[in-house]
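Below is structure01.cif, holding mmCIF, C-alpha atoms.
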data_model
loop_
_atom_site.label_atom_id
_atom_site.label_comp_id
_atom_site.auth_asym_id
_atom_site.auth_seq_id
_atom_site.Cartn_x
_atom_site.Cartn_y
_atom_site.Cartn_z
CA MET N 1 53.30 -37.74 135.49
CA ALA N 2 55.49 -39.98 133.33
CA ALA N 3 58.84 -41.16 134.62
CA PRO N 4 61.90 -39.19 133.43
CA GLY N 5 63.04 -40.32 130.00
CA THR N 6 59.66 -41.83 129.09
CA ALA N 7 59.12 -39.31 126.30
CA SER N 8 62.42 -40.32 124.66
CA ILE N 9 61.50 -43.99 124.88
CA LEU N 10 58.08 -43.35 123.38
CA ARG N 11 59.60 -41.30 120.53
CA ALA N 12 62.08 -44.06 119.73
CA ALA N 13 59.37 -46.72 119.78
CA ALA N 14 57.07 -44.68 117.57
CA ALA N 15 59.90 -44.06 115.11
CA CYS N 16 60.68 -47.74 114.73
CA SER N 17 57.60 -49.86 114.16
CA ARG N 18 59.78 -52.89 114.89
CA ARG N 19 59.32 -52.21 118.59
CA ARG N 20 56.13 -54.23 118.93
CA TRP N 21 55.47 -53.68 122.64
CA LEU N 22 56.60 -50.98 124.94
CA LEU N 23 56.05 -50.68 128.66
CA ALA N 24 55.69 -47.05 129.60
CA ALA N 25 56.49 -46.66 133.29
CA PHE N 26 54.08 -44.58 135.29
CA PRO N 27 53.70 -44.27 139.08
CA GLY N 28 51.54 -47.09 140.40
CA ALA N 29 52.67 -49.51 137.69
CA ALA N 30 51.03 -52.85 136.97
CA GLY N 31 47.54 -51.43 137.07
CA ARG N 32 47.48 -50.47 140.74
CA ARG N 33 46.18 -47.06 141.70
CA SER N 34 48.48 -44.91 143.77
CA GLY N 35 47.29 -42.56 146.45
CA ASP N 36 47.65 -39.44 144.30
CA GLY N 37 45.43 -40.83 141.57
CA ALA N 38 48.36 -41.40 139.21
CA SER N 39 47.52 -44.39 137.19
CA TRP N 40 49.11 -47.42 135.65
CA ALA N 41 51.45 -49.03 133.26
CA ARG N 42 50.18 -49.60 129.78
CA PHE N 43 51.42 -51.58 126.84
CA PHE N 44 51.50 -49.78 123.54
CA SER N 45 51.15 -51.93 120.44
CA PHE N 46 52.75 -50.90 117.19
CA SER N 47 51.09 -53.03 114.57
CA ALA N 48 52.21 -51.00 111.56
CA ARG N 49 54.82 -53.65 110.80
CA ALA N 50 52.10 -56.26 110.31
CA ARG N 51 50.62 -54.07 107.58
CA LEU N 52 53.89 -53.66 105.71
CA SER N 53 54.07 -55.54 102.46
CA SER N 54 57.12 -57.29 101.09
CA GLU N 55 57.41 -54.42 98.60
CA GLU N 56 58.35 -52.02 101.40
CA LYS N 57 61.98 -53.06 101.63
CA VAL N 58 65.03 -50.86 101.67
CA THR N 59 68.50 -51.75 100.41
CA VAL N 60 71.44 -50.27 102.32
CA HIS N 61 75.12 -50.38 101.37
CA PHE N 62 77.71 -50.25 104.16
CA ILE N 63 81.33 -49.34 103.48
CA ASN N 64 83.15 -51.27 106.19
CA ARG N 65 86.34 -50.20 107.99
CA ASP N 66 88.47 -52.21 105.56
CA GLY N 67 86.77 -50.62 102.53
CA ASP N 68 84.63 -53.66 101.69
CA LYS N 69 81.09 -52.96 100.56
CA LEU N 70 78.40 -54.91 102.41
CA THR N 71 74.82 -54.80 101.17
CA ALA N 72 71.67 -55.77 103.07
CA GLU N 73 67.94 -55.42 102.71
CA GLY N 74 65.50 -54.66 105.51
CA LYS N 75 61.91 -53.70 106.10
CA VAL N 76 60.74 -50.14 106.47
CA GLY N 77 60.73 -49.47 110.22
CA ASP N 78 63.73 -51.67 111.08
CA SER N 79 66.69 -49.86 112.62
CA LEU N 80 70.09 -49.98 110.95
CA LEU N 81 71.27 -51.99 113.95
CA ASP N 82 68.51 -54.54 113.25
CA LEU N 83 69.61 -54.65 109.62
CA VAL N 84 73.23 -55.43 110.53
CA VAL N 85 72.28 -58.06 113.11
CA ASN N 86 69.52 -59.75 111.09
CA ASN N 87 71.76 -60.04 108.03
CA ASN N 88 74.87 -61.15 109.95
CA LEU N 89 76.97 -58.36 108.47
CA ASP N 90 80.59 -58.57 109.57
CA ILE N 91 81.09 -55.17 111.22
CA ASP N 92 83.33 -55.55 114.29
CA GLY N 93 81.84 -54.39 117.59
CA PHE N 94 78.67 -53.03 115.99
CA GLY N 95 75.78 -52.69 118.45
CA ALA N 96 77.57 -53.78 121.62
CA CYS N 97 74.77 -52.39 123.84
CA GLU N 98 72.02 -53.85 121.62
CA GLY N 99 70.50 -50.45 120.92
CA THR N 100 70.06 -49.24 124.50
CA LEU N 101 72.02 -46.00 123.89
CA ALA N 102 74.80 -47.11 126.24
CA CYS N 103 77.64 -47.11 123.68
CA SER N 104 78.61 -45.65 120.32
CA THR N 105 79.65 -48.83 118.49
CA CYS N 106 76.90 -48.47 115.86
CA HIS N 107 78.27 -45.07 114.80
CA LEU N 108 77.69 -44.54 111.07
CA ILE N 109 78.49 -41.69 108.71
CA PHE N 110 75.72 -40.71 106.30
CA GLU N 111 75.71 -39.04 102.92
CA ASP N 112 74.70 -35.36 103.17
CA HIS N 113 71.44 -35.73 101.20
CA ILE N 114 70.28 -38.59 103.47
CA PHE N 115 71.49 -36.98 106.70
CA GLU N 116 69.42 -33.86 106.00
CA LYS N 117 66.22 -35.96 105.95
CA LEU N 118 66.83 -37.95 109.15
CA ASP N 119 64.64 -37.42 112.21
CA ALA N 120 65.97 -35.02 114.84
CA ILE N 121 68.67 -36.31 117.13
CA THR N 122 67.84 -36.82 120.82
CA ASP N 123 69.99 -35.54 123.67
CA GLU N 124 70.74 -39.14 124.67
CA GLU N 125 72.05 -40.00 121.20
CA MET N 126 74.12 -36.80 121.13
CA ASP N 127 75.71 -37.77 124.46
CA MET N 128 76.75 -41.16 123.06
CA LEU N 129 78.03 -39.64 119.82
CA ASP N 130 80.34 -37.46 121.92
CA LEU N 131 82.16 -40.71 122.81
CA ALA N 132 82.48 -41.92 119.21
CA TYR N 133 85.76 -41.99 117.28
CA GLY N 134 85.88 -40.27 113.92
CA LEU N 135 82.83 -38.09 114.56
CA THR N 136 81.68 -36.05 111.54
CA GLU N 137 78.96 -33.53 110.78
CA THR N 138 76.83 -36.38 109.36
CA SER N 139 77.40 -38.96 112.12
CA ARG N 140 74.50 -40.78 113.76
CA LEU N 141 74.00 -44.00 115.73
CA GLY N 142 72.56 -46.82 113.62
CA CYS N 143 70.40 -48.06 116.50
CA GLN N 144 68.47 -44.78 116.38
CA ILE N 145 67.92 -44.61 112.63
CA CYS N 146 64.93 -46.49 111.23
CA LEU N 147 64.63 -47.42 107.59
CA LYS N 148 62.34 -45.30 105.45
CA LYS N 149 61.57 -45.52 101.76
CA PHE N 150 63.72 -42.50 100.84
CA MET N 151 66.77 -44.40 102.17
CA ASN N 152 66.60 -47.09 99.49
CA ASN N 153 70.08 -47.70 98.00
CA MET N 154 71.79 -45.30 100.41
CA THR N 155 75.41 -45.83 101.34
CA VAL N 156 76.64 -45.38 104.90
CA ARG N 157 80.25 -45.51 106.02
CA VAL N 158 81.50 -47.31 109.12
CA PRO N 159 84.21 -45.18 110.84
CA GLU N 160 87.78 -46.49 110.85
CA ALA N 161 87.82 -46.98 114.63
CA VAL N 162 85.27 -47.81 117.29
CA ALA N 163 85.04 -47.10 121.01
CA ASP N 164 84.14 -50.48 122.52
CA ALA N 165 84.74 -51.12 126.22
CA ARG N 166 84.57 -54.88 125.61
CA GLN N 167 87.90 -54.69 123.79
CA SER N 168 89.83 -52.99 126.62
CA ILE N 169 92.58 -54.98 128.30
CA ASP N 170 92.75 -55.49 132.05
CA ILE N 171 96.48 -55.06 132.76
CA SER N 172 96.19 -56.60 136.23
CA LYS N 173 95.35 -59.99 134.69
CA ASN N 174 98.56 -59.98 132.60
CA SER N 175 100.95 -59.45 135.52
#

Do you think you could lay out the structure here as C-alpha coordinates?
Amino acid sequence: MAAPGTASILRAAAACSRRRWLLAAFPGAAGRRSGDGASWARFFSFSARARLSSEEKVTVHFINRDGDKLTAEGKVGDSLLDLVVNNNLDIDGFGACEGTLACSTCHLIFEDHIFEKLDAITDEEMDMLDLAYGLTETSRLGCQICLKKFMNNMTVRVPEAVADARQSIDISKNS
(Lines of atoms letter the chains of each structure in order from A and count residues from 1; the text may use other names and numbers.)
(Lines give C-alpha, C1' and ligand atoms only; values in the text may rest on other atoms or scores of the structure.)
Protein backbone atom coordinates (compact mmCIF):
# COMPACT_ATOMS: atom_id res chain seq x y z
CA MET A 1 0.00 0.00 0.00
CA ALA A 2 1.28 3.49 -0.84
CA ALA A 3 2.38 5.81 1.94
CA PRO A 4 -0.18 8.41 3.08
CA GLY A 5 -0.19 11.45 0.82
CA THR A 6 1.38 9.58 -2.11
CA ALA A 7 -1.74 9.99 -4.24
CA SER A 8 -1.61 13.79 -3.80
CA ILE A 9 2.05 13.86 -4.77
CA LEU A 10 1.41 11.72 -7.84
CA ARG A 11 -1.52 13.95 -8.90
CA ALA A 12 0.61 17.08 -8.55
CA ALA A 13 3.46 15.54 -10.53
CA ALA A 14 1.17 14.34 -13.28
CA ALA A 15 -0.44 17.78 -13.51
CA CYS A 16 2.88 19.54 -13.97
CA SER A 17 5.09 17.90 -16.55
CA ARG A 18 7.93 20.04 -15.22
CA ARG A 19 8.37 17.53 -12.42
CA ARG A 20 10.76 15.27 -14.32
CA TRP A 21 11.34 12.63 -11.65
CA LEU A 22 9.29 11.64 -8.71
CA LEU A 23 10.11 9.14 -6.00
CA ALA A 24 6.96 7.43 -4.86
CA ALA A 25 7.52 6.01 -1.39
CA PHE A 26 6.38 2.47 -0.84
CA PRO A 27 7.18 0.06 2.02
CA GLY A 28 10.49 -1.66 1.36
CA ALA A 29 11.90 1.30 -0.56
CA ALA A 30 15.08 1.21 -2.63
CA GLY A 31 14.15 -2.03 -4.33
CA ARG A 32 14.27 -4.27 -1.28
CA ARG A 33 11.44 -6.70 -0.70
CA SER A 34 9.71 -6.48 2.64
CA GLY A 35 8.35 -9.47 4.48
CA ASP A 36 4.73 -8.83 3.49
CA GLY A 37 5.55 -8.81 -0.21
CA ALA A 38 5.10 -5.04 -0.49
CA SER A 39 7.47 -3.89 -3.09
CA TRP A 40 9.75 -1.02 -3.90
CA ALA A 41 10.35 2.55 -4.72
CA ARG A 42 10.06 3.52 -8.33
CA PHE A 43 10.98 6.59 -10.29
CA PHE A 44 8.34 7.96 -12.58
CA SER A 45 9.56 9.88 -15.62
CA PHE A 46 7.48 12.63 -17.11
CA SER A 47 8.97 13.22 -20.52
CA ALA A 48 6.06 15.22 -21.94
CA ARG A 49 8.07 18.41 -21.48
CA ALA A 50 10.73 17.13 -23.87
CA ARG A 51 8.05 16.83 -26.55
CA LEU A 52 6.77 20.37 -26.09
CA SER A 53 7.63 22.71 -28.88
CA SER A 54 8.56 26.36 -28.51
CA GLU A 55 5.09 27.18 -29.85
CA GLU A 56 3.49 25.85 -26.67
CA LYS A 57 4.13 28.92 -24.56
CA VAL A 58 1.69 30.80 -22.40
CA THR A 59 1.79 34.50 -21.55
CA VAL A 60 0.58 35.49 -18.08
CA HIS A 61 -0.01 39.00 -16.73
CA PHE A 62 0.36 39.56 -12.98
CA ILE A 63 -1.12 42.62 -11.28
CA ASN A 64 1.27 43.14 -8.38
CA ARG A 65 0.39 44.48 -4.91
CA ASP A 66 1.38 48.01 -5.96
CA GLY A 67 -0.79 47.85 -9.10
CA ASP A 68 2.12 47.33 -11.51
CA LYS A 69 1.54 44.90 -14.35
CA LEU A 70 4.23 42.23 -14.74
CA THR A 71 4.18 39.97 -17.79
CA ALA A 72 6.00 36.67 -18.25
CA GLU A 73 5.99 33.75 -20.64
CA GLY A 74 6.33 30.11 -19.69
CA LYS A 75 6.00 26.64 -21.14
CA VAL A 76 2.84 24.60 -20.93
CA GLY A 77 3.25 22.43 -17.83
CA ASP A 78 5.24 24.95 -15.77
CA SER A 79 3.61 26.06 -12.53
CA LEU A 80 2.87 29.73 -11.92
CA LEU A 81 5.49 29.59 -9.17
CA ASP A 82 8.04 28.38 -11.74
CA LEU A 83 7.00 31.23 -14.03
CA VAL A 84 7.59 33.87 -11.34
CA VAL A 85 10.93 32.40 -10.26
CA ASN A 86 12.28 31.66 -13.75
CA ASN A 87 11.45 35.17 -14.94
CA ASN A 88 12.69 36.95 -11.80
CA LEU A 89 9.37 38.72 -11.30
CA ASP A 90 9.46 41.12 -8.37
CA ILE A 91 6.63 39.78 -6.20
CA ASP A 92 7.60 40.05 -2.51
CA GLY A 93 7.59 36.80 -0.55
CA PHE A 94 6.21 34.75 -3.43
CA GLY A 95 6.90 31.02 -3.08
CA ALA A 96 8.62 31.05 0.30
CA CYS A 97 8.24 27.26 0.69
CA GLU A 98 9.33 26.59 -2.92
CA GLY A 99 6.06 24.87 -3.79
CA THR A 100 5.96 22.30 -0.99
CA LEU A 101 2.48 23.39 0.19
CA ALA A 102 3.88 24.66 3.49
CA CYS A 103 2.84 28.32 3.10
CA SER A 104 0.40 30.52 1.21
CA THR A 105 2.79 33.14 -0.18
CA CYS A 106 2.03 32.23 -3.81
CA HIS A 107 -1.67 33.04 -3.30
CA LEU A 108 -3.15 34.42 -6.53
CA ILE A 109 -6.62 35.60 -7.48
CA PHE A 110 -7.91 34.39 -10.84
CA GLU A 111 -10.45 35.77 -13.27
CA ASP A 112 -13.77 33.88 -13.05
CA HIS A 113 -13.60 32.39 -16.57
CA ILE A 114 -10.10 30.98 -15.90
CA PHE A 115 -10.87 29.82 -12.35
CA GLU A 116 -13.80 27.73 -13.60
CA LYS A 117 -11.45 25.71 -15.83
CA LEU A 118 -8.73 25.00 -13.25
CA ASP A 119 -8.12 21.47 -11.99
CA ALA A 120 -9.83 20.54 -8.72
CA ILE A 121 -8.26 21.82 -5.55
CA THR A 122 -6.65 19.32 -3.16
CA ASP A 123 -7.32 19.22 0.58
CA GLU A 124 -3.69 20.20 1.21
CA GLU A 125 -4.00 23.32 -0.95
CA MET A 126 -7.30 24.22 0.72
CA ASP A 127 -5.63 23.98 4.14
CA MET A 128 -2.91 26.42 3.07
CA LEU A 129 -5.41 28.80 1.47
CA ASP A 130 -7.17 28.99 4.84
CA LEU A 131 -4.03 30.81 6.07
CA ALA A 132 -3.92 33.30 3.18
CA TYR A 133 -4.76 36.98 3.53
CA GLY A 134 -7.37 38.44 1.19
CA LEU A 135 -8.91 35.08 0.30
CA THR A 136 -11.57 35.24 -2.44
CA GLU A 137 -13.87 32.81 -4.20
CA THR A 138 -11.31 32.57 -7.04
CA SER A 139 -8.15 32.22 -4.93
CA ARG A 140 -5.62 29.46 -5.60
CA LEU A 141 -1.94 28.83 -4.85
CA GLY A 142 0.32 29.50 -7.83
CA CYS A 143 2.56 26.54 -6.99
CA GLN A 144 -0.38 24.21 -7.65
CA ILE A 145 -1.53 25.72 -10.94
CA CYS A 146 0.22 24.53 -14.10
CA LEU A 147 0.11 26.45 -17.34
CA LYS A 148 -2.25 25.21 -20.02
CA LYS A 149 -2.98 26.61 -23.45
CA PHE A 150 -6.36 28.07 -22.44
CA MET A 151 -4.53 30.31 -19.93
CA ASN A 152 -2.69 32.28 -22.61
CA ASN A 153 -2.93 36.04 -21.89
CA MET A 154 -4.74 35.52 -18.58
CA THR A 155 -4.39 38.09 -15.83
CA VAL A 156 -3.96 37.07 -12.20
CA ARG A 157 -3.94 39.43 -9.24
CA VAL A 158 -1.49 39.24 -6.34
CA PRO A 159 -3.35 39.97 -3.05
CA GLU A 160 -2.51 43.19 -1.19
CA ALA A 161 -0.99 41.33 1.77
CA VAL A 162 0.84 38.06 2.29
CA ALA A 163 1.24 35.71 5.24
CA ASP A 164 4.98 35.04 5.37
CA ALA A 165 6.55 33.72 8.56
CA ARG A 166 9.99 34.86 7.35
CA GLN A 167 8.92 38.47 7.86
CA SER A 168 7.87 38.09 11.52
CA ILE A 169 9.92 39.92 14.12
CA ASP A 170 11.44 38.19 17.13
CA ILE A 171 10.80 40.72 19.93
CA SER A 172 13.28 39.02 22.28
CA LYS A 173 16.17 40.02 20.01
CA ASN A 174 15.21 43.73 20.20
CA SER A 175 15.25 43.97 24.00

Computed interatomic separation between CA of Leu129 in chain N and CA of Leu70 in chain N (Å): 23.2 Å

Closest of N:Met151, N:Ile63, N:Leu141, N:Ile114 to Val76 in chain N - atom-to-atom distances counting only C-alpha atoms: N:Met151

Length of the CA of Asp66 in chain N to CA of Ile91 in chain N vector [Å]: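 Interatomic distance here is 9.8 Å.
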
Nearby residues (all atoms listed in the file) at most 10 Å from Asn64 in chain N, same-chain spacing under 5 positions excluded, as number ranges by chain: N: 69-70, 89-92, 108, 156-160

Pairwise distance for CA of Ala72 in chain N and CA of Leu118 in chain N, rounded to one decimal in Å: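 That distance, rounded to one decimal, is 19.4 Å.
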
Would you kindly translate the PyMOL selection byres ((chain N and resi 145) around 8) into the concrete residues it picks from this file, as a short mmCIF file (atom, residue, chain, number, x, y, z; two decimals) with C-alpha atoms, in the coordinates of the input?
data_model
loop_
_atom_site.label_atom_id
_atom_site.label_comp_id
_atom_site.auth_asym_id
_atom_site.auth_seq_id
_atom_site.Cartn_x
_atom_site.Cartn_y
_atom_site.Cartn_z
CA SER N 79 66.69 -49.86 112.62
CA LEU N 80 70.09 -49.98 110.95
CA LEU N 118 66.83 -37.95 109.15
CA ASP N 119 64.64 -37.42 112.21
CA ARG N 140 74.50 -40.78 113.76
CA LEU N 141 74.00 -44.00 115.73
CA GLY N 142 72.56 -46.82 113.62
CA CYS N 143 70.40 -48.06 116.50
CA GLN N 144 68.47 -44.78 116.38
CA CYS N 146 64.93 -46.49 111.23
CA LEU N 147 64.63 -47.42 107.59
#

Residue neighbourhood Thr138 in chain N, 8 Å, all atoms listed in the file, exclusion window fewer than 4 positions, as an MDAnalysis selection string: chainID N and resid 109:112 115
